[in-house]
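Engineer: Just coords-v9.cif, nothing more (mmCIF, C-alpha atoms):
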```
data_protein
#
loop_
_atom_site.label_atom_id
_atom_site.label_comp_id
_atom_site.auth_asym_id
_atom_site.auth_seq_id
_atom_site.Cartn_x
_atom_site.Cartn_y
_atom_site.Cartn_z
CA ALA G 1 -4.15 -1.20 1.49
CA GLN G 2 -0.66 -0.09 2.39
CA ARG G 3 0.62 -0.21 5.93
CA VAL G 4 3.75 0.88 7.78
CA THR G 5 4.71 -0.58 11.11
CA GLN G 6 7.27 0.73 13.55
CA PRO G 7 7.25 -1.78 16.38
CA GLU G 8 9.14 0.33 18.91
CA LYS G 9 7.41 3.36 20.33
CA LEU G 10 10.40 4.25 22.50
CA LEU G 11 14.07 3.52 22.03
CA SER G 12 16.85 4.55 24.39
CA VAL G 13 20.56 4.22 23.78
CA PHE G 14 23.72 5.75 25.16
CA LYS G 15 25.87 8.15 23.20
CA GLY G 16 28.27 6.31 20.94
CA ALA G 17 26.19 3.16 20.82
CA PRO G 18 24.73 1.81 17.58
CA VAL G 19 21.07 2.41 16.98
CA GLU G 20 18.54 0.74 14.74
CA LEU G 21 14.97 1.91 14.29
CA LYS G 22 12.81 -0.73 12.74
CA CYS G 23 10.28 -0.24 9.98
CA ASN G 24 8.25 -2.82 8.10
CA TYR G 25 5.78 -2.15 5.36
CA SER G 26 3.13 -3.86 3.30
CA TYR G 27 2.26 -2.59 -0.15
CA SER G 28 1.26 -4.33 -3.33
CA GLY G 29 3.08 -1.89 -5.59
CA SER G 30 6.69 -0.81 -5.85
CA PRO G 31 7.48 0.91 -2.55
CA GLU G 32 8.94 4.37 -2.19
CA LEU G 33 10.12 4.69 1.38
CA PHE G 34 11.27 7.58 3.50
CA TRP G 35 12.42 8.40 6.98
CA TYR G 36 11.22 11.68 8.42
CA VAL G 37 12.46 13.19 11.66
CA GLN G 38 10.87 15.65 14.04
CA TYR G 39 13.15 17.32 16.55
CA SER G 40 11.71 18.91 19.66
CA ARG G 41 9.47 21.87 18.80
CA GLN G 42 10.31 21.65 15.12
CA ARG G 43 8.38 20.59 12.07
CA LEU G 44 8.66 17.28 10.34
CA GLN G 45 11.58 17.10 7.92
CA LEU G 46 12.97 14.57 5.54
CA LEU G 47 15.89 12.54 6.83
CA LEU G 48 16.45 10.24 3.90
CA ARG G 49 14.73 8.34 1.10
CA HIS G 50 15.61 4.94 -0.17
CA ILE G 51 15.90 5.89 -3.83
CA SER G 52 18.71 8.33 -3.20
CA ARG G 53 20.76 5.81 -1.24
CA GLU G 54 22.47 8.58 0.66
CA SER G 55 23.66 8.86 4.22
CA ILE G 56 22.34 11.81 6.18
CA LYS G 57 23.77 12.74 9.58
CA GLY G 58 25.36 9.32 9.65
CA PHE G 59 22.07 7.50 9.20
CA THR G 60 21.51 4.89 6.52
CA ALA G 61 18.54 2.75 5.58
CA ASP G 62 18.41 -0.16 3.19
CA LEU G 63 15.25 -1.33 1.52
CA ASN G 64 14.88 -5.07 1.87
CA LYS G 65 12.04 -6.13 -0.34
CA GLY G 66 12.28 -9.75 0.75
CA GLU G 67 11.70 -8.84 4.37
CA THR G 68 9.59 -5.76 3.47
CA SER G 69 11.73 -3.70 5.79
CA PHE G 70 13.41 -0.32 5.74
CA HIS G 71 15.29 -0.13 9.02
CA LEU G 72 17.16 3.05 9.94
CA LYS G 73 20.66 2.62 11.33
CA LYS G 74 23.46 4.67 12.74
CA PRO G 75 26.69 3.16 14.05
CA PHE G 76 27.37 5.77 16.73
CA ALA G 77 24.41 7.67 18.15
CA GLN G 78 24.77 11.28 19.24
CA GLU G 79 22.71 13.21 21.77
CA GLU G 80 21.44 15.50 19.03
CA ASP G 81 19.85 12.48 17.35
CA SER G 82 17.19 12.44 20.05
CA ALA G 83 13.92 13.01 18.21
CA MET G 84 10.78 11.37 16.88
CA TYR G 85 11.39 9.29 13.78
CA TYR G 86 8.71 8.33 11.30
CA CYS G 87 8.98 5.78 8.55
CA ALA G 88 6.71 6.61 5.62
CA LEU G 89 5.55 4.92 2.44
CA ALA G 90 4.65 7.02 -0.57
CA THR G 91 1.92 6.25 -3.06
CA GLY G 92 0.02 8.34 -5.54
CA GLY G 93 2.55 9.27 -8.16
CA THR G 94 5.72 11.17 -8.67
CA SER G 95 4.90 13.93 -6.23
CA TYR G 96 5.30 11.43 -3.43
CA GLY G 97 2.58 13.23 -1.61
CA LYS G 98 0.31 10.53 -0.31
CA LEU G 99 2.33 9.35 2.60
CA THR G 100 1.37 6.56 4.92
CA PHE G 101 3.23 6.99 8.18
CA GLY G 102 4.26 4.49 10.78
CA GLN G 103 3.42 5.13 14.39
CA GLY G 104 6.75 6.75 15.05
CA THR G 105 9.66 5.92 17.34
CA ILE G 106 10.92 8.32 19.97
CA LEU G 107 14.69 7.97 20.13
CA THR G 108 16.47 9.17 23.24
CA VAL G 109 20.24 9.24 23.28
CA HIS G 110 21.65 9.52 26.78
CA PRO G 111 25.01 11.17 27.50
CA GLY M 1 15.20 25.52 1.23
CA ALA M 2 11.50 25.60 0.55
CA VAL M 3 9.25 26.68 3.40
CA VAL M 4 5.63 25.92 4.14
CA SER M 5 3.82 28.04 6.70
CA GLN M 6 0.55 27.54 8.52
CA HIS M 7 -1.73 30.03 10.19
CA PRO M 8 -2.79 30.10 12.90
CA SER M 9 -0.37 28.02 14.92
CA ARG M 10 -3.05 27.32 17.48
CA VAL M 11 -6.71 28.11 17.80
CA ILE M 12 -9.36 27.59 20.44
CA CYS M 13 -12.97 27.74 19.41
CA LYS M 14 -16.42 26.96 20.74
CA SER M 15 -18.31 23.90 19.68
CA GLY M 16 -20.44 24.59 16.63
CA THR M 17 -18.25 27.27 15.12
CA SER M 18 -16.10 26.98 12.00
CA VAL M 19 -12.37 27.38 11.90
CA LYS M 20 -10.18 28.10 8.90
CA ILE M 21 -6.55 27.01 8.72
CA GLU M 22 -4.23 28.36 6.03
CA CYS M 23 -1.28 26.59 4.45
CA ARG M 24 1.12 28.59 2.30
CA SER M 25 4.14 27.69 0.25
CA LEU M 26 6.36 30.70 0.79
CA ASP M 27 8.92 30.54 -1.97
CA PHE M 28 7.61 28.01 -4.40
CA GLN M 29 4.39 27.08 -6.12
CA ALA M 30 2.41 24.02 -5.24
CA THR M 31 -0.40 22.76 -7.43
CA THR M 32 -0.91 20.02 -4.88
CA MET M 33 -0.87 20.19 -1.12
CA PHE M 34 -1.74 17.60 1.48
CA TRP M 35 -3.54 17.82 4.79
CA TYR M 36 -2.75 15.48 7.65
CA ARG M 37 -4.20 15.05 11.08
CA GLN M 38 -2.28 13.93 14.11
CA PHE M 39 -3.88 12.81 17.35
CA PRO M 40 -1.90 13.07 20.57
CA LYS M 41 0.92 10.56 20.70
CA GLN M 42 -0.20 9.05 17.41
CA SER M 43 0.98 9.12 13.87
CA LEU M 44 0.00 11.43 11.02
CA MET M 45 -3.00 10.40 9.00
CA LEU M 46 -3.58 11.75 5.52
CA MET M 47 -6.95 13.47 5.30
CA ALA M 48 -7.05 14.86 1.80
CA THR M 49 -5.18 16.04 -1.25
CA SER M 50 -5.73 19.67 -2.13
CA ASN M 51 -5.62 20.41 -5.85
CA GLU M 52 -5.26 23.91 -7.25
CA GLY M 53 -8.16 24.70 -9.52
CA SER M 54 -10.13 21.56 -8.82
CA LYS M 55 -11.85 19.67 -6.04
CA ALA M 56 -9.94 18.13 -3.22
CA THR M 57 -9.59 14.37 -3.00
CA TYR M 58 -10.53 12.97 0.38
CA GLU M 59 -9.27 9.80 1.98
CA GLN M 60 -11.70 7.13 2.97
CA GLY M 61 -13.55 7.96 6.14
CA VAL M 62 -12.89 11.71 5.99
CA GLU M 63 -16.07 13.78 5.77
CA LYS M 64 -15.69 16.25 2.93
CA ASP M 65 -18.57 18.39 4.17
CA LYS M 66 -16.93 18.59 7.56
CA PHE M 67 -13.45 19.43 6.34
CA LEU M 68 -13.74 21.88 3.48
CA ILE M 69 -10.61 22.35 1.42
CA ASN M 70 -9.99 25.18 -1.00
CA HIS M 71 -6.85 25.57 -3.05
CA ALA M 72 -7.28 29.18 -4.04
CA SER M 73 -3.92 29.80 -5.63
CA LEU M 74 -0.62 28.11 -6.37
CA THR M 75 0.66 29.06 -2.94
CA LEU M 76 -2.38 28.77 -0.69
CA SER M 77 -4.61 25.96 0.50
CA THR M 78 -7.16 26.34 3.27
CA LEU M 79 -8.81 23.77 5.48
CA THR M 80 -12.07 24.79 7.12
CA VAL M 81 -13.38 22.67 9.96
CA THR M 82 -17.10 23.30 9.87
CA SER M 83 -19.36 23.08 12.91
CA ALA M 84 -16.43 21.98 15.00
CA HIS M 85 -16.91 19.58 17.88
CA PRO M 86 -14.54 18.54 20.66
CA GLU M 87 -13.64 15.35 18.79
CA ASP M 88 -12.21 17.54 16.01
CA SER M 89 -9.55 18.78 18.41
CA SER M 90 -6.27 17.71 16.94
CA PHE M 91 -3.04 18.81 15.31
CA TYR M 92 -3.47 19.60 11.63
CA ILE M 93 -0.43 19.59 9.38
CA CYS M 94 -0.12 20.49 5.72
CA SER M 95 2.61 19.63 3.25
CA ALA M 96 3.62 20.50 -0.25
CA PRO M 97 5.81 18.48 -2.61
CA SER M 98 9.14 19.79 -3.73
CA LEU M 99 9.32 21.14 -7.27
CA ALA M 100 11.59 18.31 -8.29
CA GLY M 101 9.35 15.78 -6.61
CA GLY M 102 10.57 13.11 -4.28
CA THR M 103 10.01 14.82 -0.98
CA GLN M 104 7.49 16.80 0.99
CA TYR M 105 7.89 20.06 2.87
CA PHE M 106 5.79 20.17 5.97
CA GLY M 107 4.19 23.09 7.72
CA PRO M 108 4.66 23.56 11.44
CA GLY M 109 1.13 22.44 12.18
CA THR M 110 -1.97 24.01 13.71
CA ARG M 111 -3.28 22.90 17.05
CA LEU M 112 -7.05 23.08 17.22
CA LEU M 113 -8.91 22.86 20.49
CA VAL M 114 -12.68 22.81 20.39
CA LEU M 115 -14.40 23.51 23.70
#
```
Could you show the structure in this file as structure tokens?
Structural biologist:
Amino acid sequence: AQRVTQPEKLLSVFKGAPVELKCNYSYSGSPELFWYVQYSRQRLQLLLRHISRESIKGFTADLNKGETSFHLKKPFAQEEDSAMYYCALATGGTSYGKLTFGQGTILTVHP
Amino acid sequence: GAVVSQHPSRVICKSGTSVKIECRSLDFQATTMFWYRQFPKQSLMLMATSNEGSKATYEQGVEKDKFLINHASLTLSTLTVTSAHPEDSSFYICSAPSLAGGTQYFGPGTRLLVL
């Protein structure tokens, strides 16, 4: 069975500092990985997906199949980045609907 | 962008009653929708896949007679928690895939409290 692990429940950094949110996965198939973000009092929304290889709001994530990791990084954190971040693994076909979520990491960026 | 709505946003009910939660795709059609459950301070757990025109597919360990899912149209899926008990209290979230595939649009969630 697939599994997603986010080892840090809480992560605090100061504004302007680099930030890295860790995500490891286990899956026997070809992984499709995503980062979702939930800002305070808002719904879950897609931040980025590994297949698109894009940078959103300054965040990037590289899929490392050797280490089965998909860490989220940003070189200079901003206060508005404070949110809950979920790493997710998709299975079940092209709709990418069946998502297995990690436990989530609450990122707090201090001024 | 695409929007998914849920109704109600929160509901309180007595133990033993049934509660229906609606999930709508507002400006796009969704032949498939997904229902997740989130316990306090925990992650989302997929409960079931709702399929328009056919039976829902439940994840292992999810009681299909307890959580009835009906995908009545291309824009509406409903989750009915039957004979609710306090342990069913949770945050229920639905999602629908984008038309192009590759991402999910999530509803705002429904908080259920069973007394």
Engineer: Ranking G:Leu72, G:Ala83, G:Val19, G:Leu48 by minimum distance to chain M and counting only C-alpha atoms, which one comes first?
Structural biologist: G:Leu48
Engineer: Just to confirm, what's the straight-line distance from atom CA of Ile21 of chain M to atom CA of Leu99 of chain M in Å (one decimal)?
Structural biologist: 23.3 Å
Engineer: Using only C-alpha atoms, can you tell me which of G:Ala61, G:Gly66, G:Phe76, G:Ala1 comes closest to chain M?
Structural biologist: G:Ala1
Engineer: Counting all atoms listed in the file, a student should be able to say which residues of chain G come within 12 Å of chain M; what is the right answer, written as a PDB file with C-alpha atoms, keeping the file's coordinate frame?
Structural biologist:
```
ATOM      1  CA  ALA G   1      -4.150  -1.200   1.490  1.00  0.00           C
ATOM      2  CA  ARG G   3       0.620  -0.210   5.930  1.00  0.00           C
ATOM      3  CA  VAL G   4       3.750   0.880   7.780  1.00  0.00           C
ATOM      4  CA  THR G   5       4.710  -0.580  11.110  1.00  0.00           C
ATOM      5  CA  GLN G   6       7.270   0.730  13.550  1.00  0.00           C
ATOM      6  CA  LYS G   9       7.410   3.360  20.330  1.00  0.00           C
ATOM      7  CA  LEU G  10      10.400   4.250  22.500  1.00  0.00           C
ATOM      8  CA  GLU G  32       8.940   4.370  -2.190  1.00  0.00           C
ATOM      9  CA  LEU G  33      10.120   4.690   1.380  1.00  0.00           C
ATOM     10  CA  PHE G  34      11.270   7.580   3.500  1.00  0.00           C
ATOM     11  CA  TRP G  35      12.420   8.400   6.980  1.00  0.00           C
ATOM     12  CA  TYR G  36      11.220  11.680   8.420  1.00  0.00           C
ATOM     13  CA  VAL G  37      12.460  13.190  11.660  1.00  0.00           C
ATOM     14  CA  GLN G  38      10.870  15.650  14.040  1.00  0.00           C
ATOM     15  CA  TYR G  39      13.150  17.320  16.550  1.00  0.00           C
ATOM     16  CA  SER G  40      11.710  18.910  19.660  1.00  0.00           C
ATOM     17  CA  ARG G  41       9.470  21.870  18.800  1.00  0.00           C
ATOM     18  CA  GLN G  42      10.310  21.650  15.120  1.00  0.00           C
ATOM     19  CA  ARG G  43       8.380  20.590  12.070  1.00  0.00           C
ATOM     20  CA  LEU G  44       8.660  17.280  10.340  1.00  0.00           C
ATOM     21  CA  GLN G  45      11.580  17.100   7.920  1.00  0.00           C
ATOM     22  CA  LEU G  46      12.970  14.570   5.540  1.00  0.00           C
ATOM     23  CA  LEU G  47      15.890  12.540   6.830  1.00  0.00           C
ATOM     24  CA  LEU G  48      16.450  10.240   3.900  1.00  0.00           C
ATOM     25  CA  ARG G  49      14.730   8.340   1.100  1.00  0.00           C
ATOM     26  CA  HIS G  50      15.610   4.940  -0.170  1.00  0.00           C
ATOM     27  CA  ILE G  51      15.900   5.890  -3.830  1.00  0.00           C
ATOM     28  CA  SER G  52      18.710   8.330  -3.200  1.00  0.00           C
ATOM     29  CA  MET G  84      10.780  11.370  16.880  1.00  0.00           C
ATOM     30  CA  TYR G  85      11.390   9.290  13.780  1.00  0.00           C
ATOM     31  CA  TYR G  86       8.710   8.330  11.300  1.00  0.00           C
ATOM     32  CA  CYS G  87       8.980   5.780   8.550  1.00  0.00           C
ATOM     33  CA  ALA G  88       6.710   6.610   5.620  1.00  0.00           C
ATOM     34  CA  LEU G  89       5.550   4.920   2.440  1.00  0.00           C
ATOM     35  CA  ALA G  90       4.650   7.020  -0.570  1.00  0.00           C
ATOM     36  CA  THR G  91       1.920   6.250  -3.060  1.00  0.00           C
ATOM     37  CA  GLY G  92       0.020   8.340  -5.540  1.00  0.00           C
ATOM     38  CA  GLY G  93       2.550   9.270  -8.160  1.00  0.00           C
ATOM     39  CA  THR G  94       5.720  11.170  -8.670  1.00  0.00           C
ATOM     40  CA  SER G  95       4.900  13.930  -6.230  1.00  0.00           C
ATOM     41  CA  TYR G  96       5.300  11.430  -3.430  1.00  0.00           C
ATOM     42  CA  GLY G  97       2.580  13.230  -1.610  1.00  0.00           C
ATOM     43  CA  LYS G  98       0.310  10.530  -0.310  1.00  0.00           C
ATOM     44  CA  LEU G  99       2.330   9.350   2.600  1.00  0.00           C
ATOM     45  CA  THR G 100       1.370   6.560   4.920  1.00  0.00           C
ATOM     46  CA  PHE G 101       3.230   6.990   8.180  1.00  0.00           C
ATOM     47  CA  GLY G 102       4.260   4.490  10.780  1.00  0.00           C
ATOM     48  CA  GLN G 103       3.420   5.130  14.390  1.00  0.00           C
ATOM     49  CA  GLY G 104       6.750   6.750  15.050  1.00  0.00           C
ATOM     50  CA  THR G 105       9.660   5.920  17.340  1.00  0.00           C
ATOM     51  CA  ILE G 106      10.920   8.320  19.970  1.00  0.00           C
TER      52      ILE G 106
END
```
Engineer: Any chance you could work out the residue set of the PyMOL selection byres ((chain M and resi 113) around 12) here, as a PyMOL selection string?
Structural biologist: chain M and resi 9-15+17-19+39+81+84-92+110-112+114-115
Engineer: Write the residues you've just listed into a file as an mmCIF file, in the coordinates of the input, and include C-alpha atoms for each of them.
Structural biologist:
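Everything below was put into again.cif:
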```cif
data_model
loop_
_atom_site.group_PDB
_atom_site.id
_atom_site.type_symbol
_atom_site.label_atom_id
_atom_site.label_comp_id
_atom_site.auth_asym_id
_atom_site.auth_seq_id
_atom_site.Cartn_x
_atom_site.Cartn_y
_atom_site.Cartn_z
ATOM 1 C CA SER M 9 -0.370 28.020 14.920
ATOM 2 C CA ARG M 10 -3.050 27.320 17.480
ATOM 3 C CA VAL M 11 -6.710 28.110 17.800
ATOM 4 C CA ILE M 12 -9.360 27.590 20.440
ATOM 5 C CA CYS M 13 -12.970 27.740 19.410
ATOM 6 C CA LYS M 14 -16.420 26.960 20.740
ATOM 7 C CA SER M 15 -18.310 23.900 19.680
ATOM 8 C CA THR M 17 -18.250 27.270 15.120
ATOM 9 C CA SER M 18 -16.100 26.980 12.000
ATOM 10 C CA VAL M 19 -12.370 27.380 11.900
ATOM 11 C CA PHE M 39 -3.880 12.810 17.350
ATOM 12 C CA VAL M 81 -13.380 22.670 9.960
ATOM 13 C CA ALA M 84 -16.430 21.980 15.000
ATOM 14 C CA HIS M 85 -16.910 19.580 17.880
ATOM 15 C CA PRO M 86 -14.540 18.540 20.660
ATOM 16 C CA GLU M 87 -13.640 15.350 18.790
ATOM 17 C CA ASP M 88 -12.210 17.540 16.010
ATOM 18 C CA SER M 89 -9.550 18.780 18.410
ATOM 19 C CA SER M 90 -6.270 17.710 16.940
ATOM 20 C CA PHE M 91 -3.040 18.810 15.310
ATOM 21 C CA TYR M 92 -3.470 19.600 11.630
ATOM 22 C CA THR M 110 -1.970 24.010 13.710
ATOM 23 C CA ARG M 111 -3.280 22.900 17.050
ATOM 24 C CA LEU M 112 -7.050 23.080 17.220
ATOM 25 C CA VAL M 114 -12.680 22.810 20.390
ATOM 26 C CA LEU M 115 -14.400 23.510 23.700
#
```
Engineer: Hey, can you check how far atom CA of Ala77 of chain G sits from atom CA of Lys22 of chain G?
Structural biologist: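 Those two atoms sit 15.3 Å apart.
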Engineer: Can you work out the spacing between atom CA of Lys15 of chain G and atom CA of Thr68 of chain G in Å, to one decimal?
Structural biologist: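 Between these atoms lies a distance of 29.1 Å.
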Engineer: Taking the file as shown, find all residues satisfying the PyMOL selection byres ((chain M and resi 5) around 8) and write them as a PyMOL selection string.
Structural biologist: chain M and resi 3-4+6-7+23-26+107-108
Engineer: Could you pull out every residue with an atom within 8 Å of (21.1, 6.0, 27.0), file coordinates, counting all atoms listed in the file, and send them as a list in words?
Structural biologist: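 Residues lying no farther than 8 Å from the given point: Ser12, Val13, Phe14, Lys15, Thr108, Val109, His110 and Pro111 of chain G.
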Engineer: Got a sec to resolve the PyMOL selection byres ((chain M and resi 77) around 8) on this structure and send the residues as a count of residues only?
Structural biologist: 14
Engineer: Residues within 8 Å of Lys66 of chain M, please, as a PDB file with C-alpha atoms, in the frame of the given file. Count only C-alpha atoms; anything in the same chain fewer than 6 positions from it doesn't count.
Structural biologist:
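Saved to part-v7.pdb:
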```pdb
ATOM      1  CA  THR M  80     -12.070  24.790   7.120  1.00  0.00           C
ATOM      2  CA  VAL M  81     -13.380  22.670   9.960  1.00  0.00           C
ATOM      3  CA  THR M  82     -17.100  23.300   9.870  1.00  0.00           C
ATOM      4  CA  SER M  83     -19.360  23.080  12.910  1.00  0.00           C
TER       5      SER M  83
END
```
Engineer: With all atoms listed in the file as the basis for distance, which of G:Cys23, G:Gly29, G:Thr60, G:Arg53 is at the shortest distance from Lys74 of chain G?
Structural biologist: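 Checking each of G:Cys23, G:Gly29, G:Thr60, G:Arg53 against Lys74 of chain G, counting all atoms listed in the file, the winner is G:Thr60.
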